[in-house]
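A.B. asks: Let me begin by handing over the structure; questions about it come next.
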Amino acid sequence: MKETIVIVGAGPAGVRAAETLVEAGLALIVLDESARAGGQIYRQPPHGAERPAEKLYGSEAGKARAIHTALEQIRPRVDYRPGTLVWNCFQGKLNTLHDNAQGILPFDRLIIATGAFDRVIPFPGWTLPGVFTLGGAQIALKSQGIAIGKRTVLVGAGPLLPLVASQYLEAGAEIAAVLDVTPFKAKIAALQRMMAMPAMVRRGLSYLSKIRRAGVPMMYGVRSLAVAGDRRVEGLAWTDHRGRRHQVACDAVGASFGLKPEMQLADLAGCDFRFDELTRQWLPVVGAGGRSSVPGVYFAGDCSAIGGADVAELTGIRAALSVLEDRGTPKPQQLRQLETELARHARFRAGIEAAYPFPNHLIDGIDDSLMVCRCEGVSAGDLRANFVKSGAPEVNRLKSFTRVGMGRCQGRVCGAVAAEILAAKSGLPLPEVGRLRGQHPIKPIPLVAGKQS
Amino acid sequence: MFPDEPQFHRIVPRSGVRFAITVDGRQVEVQAGDLLISAILLHQSALRRFEFGDGYRAGFCLMAACQDCWIKLGDGRRVRACDTVARPGMSVTTGVVAVNGSANA
Ligand SMILES: Cc1cc2nc3c(=O)[nH]c(=O)nc-3n(C[C@H](O)[C@H](O)[C@H](O)COP(=O)(O)OP(=O)(O)OC[C@H]3O[C@@H](n4cnc5c(N)ncnc54)[C@H](O)[C@@H]3O)c2cc1C
Ligand code: FES
């Protein structure tokens, strides 16, 4: 039976899924918005800005090369379309945009491998020029050999924090402070679970020792953050876990608070979601073998639950095996091996989640004057006032009244925080205020549709 | 003469072709492989004005997700500065006014 199989995303998950299907002799289409394959972790700089893999990916250079090579090797046998945005999924069809040309692509099977995005919590000054996400700080370095400032403070709530700090130091950048908003004791308590993957723990410790040897102050349990400066970043002030105030001079801040799956396509495809108490976010329901609740739609990698790069490769292969199984050619032995390996990663991941609990205290501290939606300029006060006026404790209604999440980013940045603010104001548990429904186009497209492709 | 301070700093020098693009009428030097966000922020502090209030924006995520970095090219196209590579002869309008109050243009 001739089917159209489409993979969206060419990070480690999408590439491994594609490779597995090609090896099984299937034809498929790989769509990726990026100009070059590799996804976030194994991102390749634009042509002209290349550097040796060892410099770009450090200890992960071998894995990065393997992913890039895997795609090159299957390229003659797949229809790989870089630079192609998928902006909608509707009744078994994808809407695409490539080089200003609109396209419609019907599919029989779809593997979503769209990865993740930094989890953002607003703090005073977060919209000033010079404040970037932690991931953004890393991309500047990886993709361009550029530091986001002359003297940078990095803030985080996940393993990306010590990693980016050590990468900046390695490249010779000046780091003024490294601030973890989660408590140190959480790491101690989680250590045993993280030891499910001792090599990962050793890698994490090596980043920390790099920061220590460089003499950069590293603090845990940071309670509140505020950028100093009117027109651009001049410093960062924070309170520590004992309530003492600190301030350092800096001209850039890289801050974000964990990762959040890129799940808009899953939403538009009609997949079911569930509220995940541990990470306090809505996630797509992932069934056996990475299947979504919609027949023919599968998940691979960080787009349905954060697992990191190695898990992305494994779940990429798993999604492909599920496609094969659903087509009547199961590979039970390979699947069993994968599941065993994934179980070990899941224990490690549970340790990471416990080591970096979601920093609720930063949301509790959000003042009325703080801009929550940076696209449309909607403040926390606007959101709270609207709830009082309308009495509607539902985040999609909040959106229609205040425009929160209606801007260019479609709520990717602010949606979850708007729901947190609404829940706190209304006194309802977070899952009860709902979640912002995905809307197409999931990223801006030209108003006048260009040529058809 | 340009009083505004750059936001970005190149810490890993590389060889490669250098060329100029025009930012608000000013010629700035760029290297092959530079994204527009780099090309601009290596010379000034922001990419654009915030359209619904005071202040300026300089991008945020650098991964085509937040949509904070849309800028206008000389040919009328609007693009994301964080995933558009600078090409010889490009011109960009940012409307960013230098700290001392004078317009860059
Ligand atoms: C900024 C950032 C930096 C990170 N750095 C690290 C790191 O250093 N180490 C680490 O272990 N983990 C890192 N991570 C975690 C990362 O999510 C995983 O390690 C890994 O990259 C996940 O692989 P993936 O294949 O699931 O997704 P990704 O690698 O994110 O790949 C997803 C791909 O899908 C494409 N895509 C997304 N949406 C669409 C769409 N609508 N249409 C078309 N294409 C689309 C993207 O362009 C991208 O190429 C980082 C995450 C982020 C966000
Ligand atoms: S900086 Fe976020 S989309 Fe370009």
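Identifiers for the structure tokens are assigned positionally: chains receive A, B, ... in sequence, residues are indexed from 1 per chain, and ligands are indexed from 1 in the order shown.
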Restrict the calculation to only C-alpha atoms and all ligand atoms, then for each residue of chain B with any atom at most 9 Å from an atom of ligand 2 give the closest atom pair and their distance in Å to one decimal, rows by chain and rising residue number, as a Markdown table.

C.D. replies:
```
| residue | atom | partner | partner_atom_place_in_ligand_line | distance |
| --- | --- | --- | --- | --- |
| B:Ile37 | CA | ligand 2 | 4 (Fe) | 8.0 |
| B:Ala58 | CA | ligand 2 | 1 (S) | 7.5 |
| B:Gly59 | CA | ligand 2 | 1 (S) | 3.8 |
| B:Phe60 | CA | ligand 2 | 1 (S) | 4.4 |
| B:Cys61 | CA | ligand 2 | 2 (Fe) | 3.9 |
| B:Leu62 | CA | ligand 2 | 1 (S) | 3.9 |
| B:Met63 | CA | ligand 2 | 2 (Fe) | 5.5 |
| B:Ala64 | CA | ligand 2 | 3 (S) | 3.5 |
| B:Ala65 | CA | ligand 2 | 3 (S) | 4.5 |
| B:Cys66 | CA | ligand 2 | 2 (Fe) | 3.9 |
| B:Gln67 | CA | ligand 2 | 3 (S) | 3.7 |
| B:Asp68 | CA | ligand 2 | 2 (Fe) | 5.0 |
| B:Cys69 | CA | ligand 2 | 4 (Fe) | 4.5 |
| B:Trp70 | CA | ligand 2 | 4 (Fe) | 7.0 |
| B:Arg80 | CA | ligand 2 | 4 (Fe) | 5.5 |
| B:Ala81 | CA | ligand 2 | 4 (Fe) | 5.9 |
| B:Cys82 | CA | ligand 2 | 4 (Fe) | 4.3 |
| B:Asp83 | CA | ligand 2 | 4 (Fe) | 6.7 |
```

A.B. asks: Please identify every residue of chain B that has at least one atom no more than 9 Å from any atom of chain A, counting only C-alpha atoms, and report them as a PyMOL selection string.

C.D. replies: chain B and resi 6-17+31-35+38+41-42+45-47+50-53+55-68+78+83+85+99

A.B. asks: Return as an MDAnalysis selection string the full set of residues in region 139-368 of chain A whose backbone-based DSSP assignment is strand (DSSP E).

C.D. replies: chainID A and resid 146:147 151:156 174:180 218:219 224:228 235:239 245:249 252:255 259:261 273:276 281:284 297:299

A.B. asks: Taking 3 positions as the minimum chain separation for residues in the same chain, which residues sit within 10 Å of Leu398 (chain A) when counting only C-alpha atoms? Answer as a PyMOL selection string.

C.D. replies: chain A and resi 382-384+386-387+390-395+401-405+418-419+422+433+436

A.B. asks: Which residue, A:Ala237, A:Leu268, A:Ala380, A:Ala355, has the smallest gap to ligand 1 when you use only C-alpha atoms and all ligand atoms?

C.D. replies: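 Nearest to ligand 1: A:Leu268.
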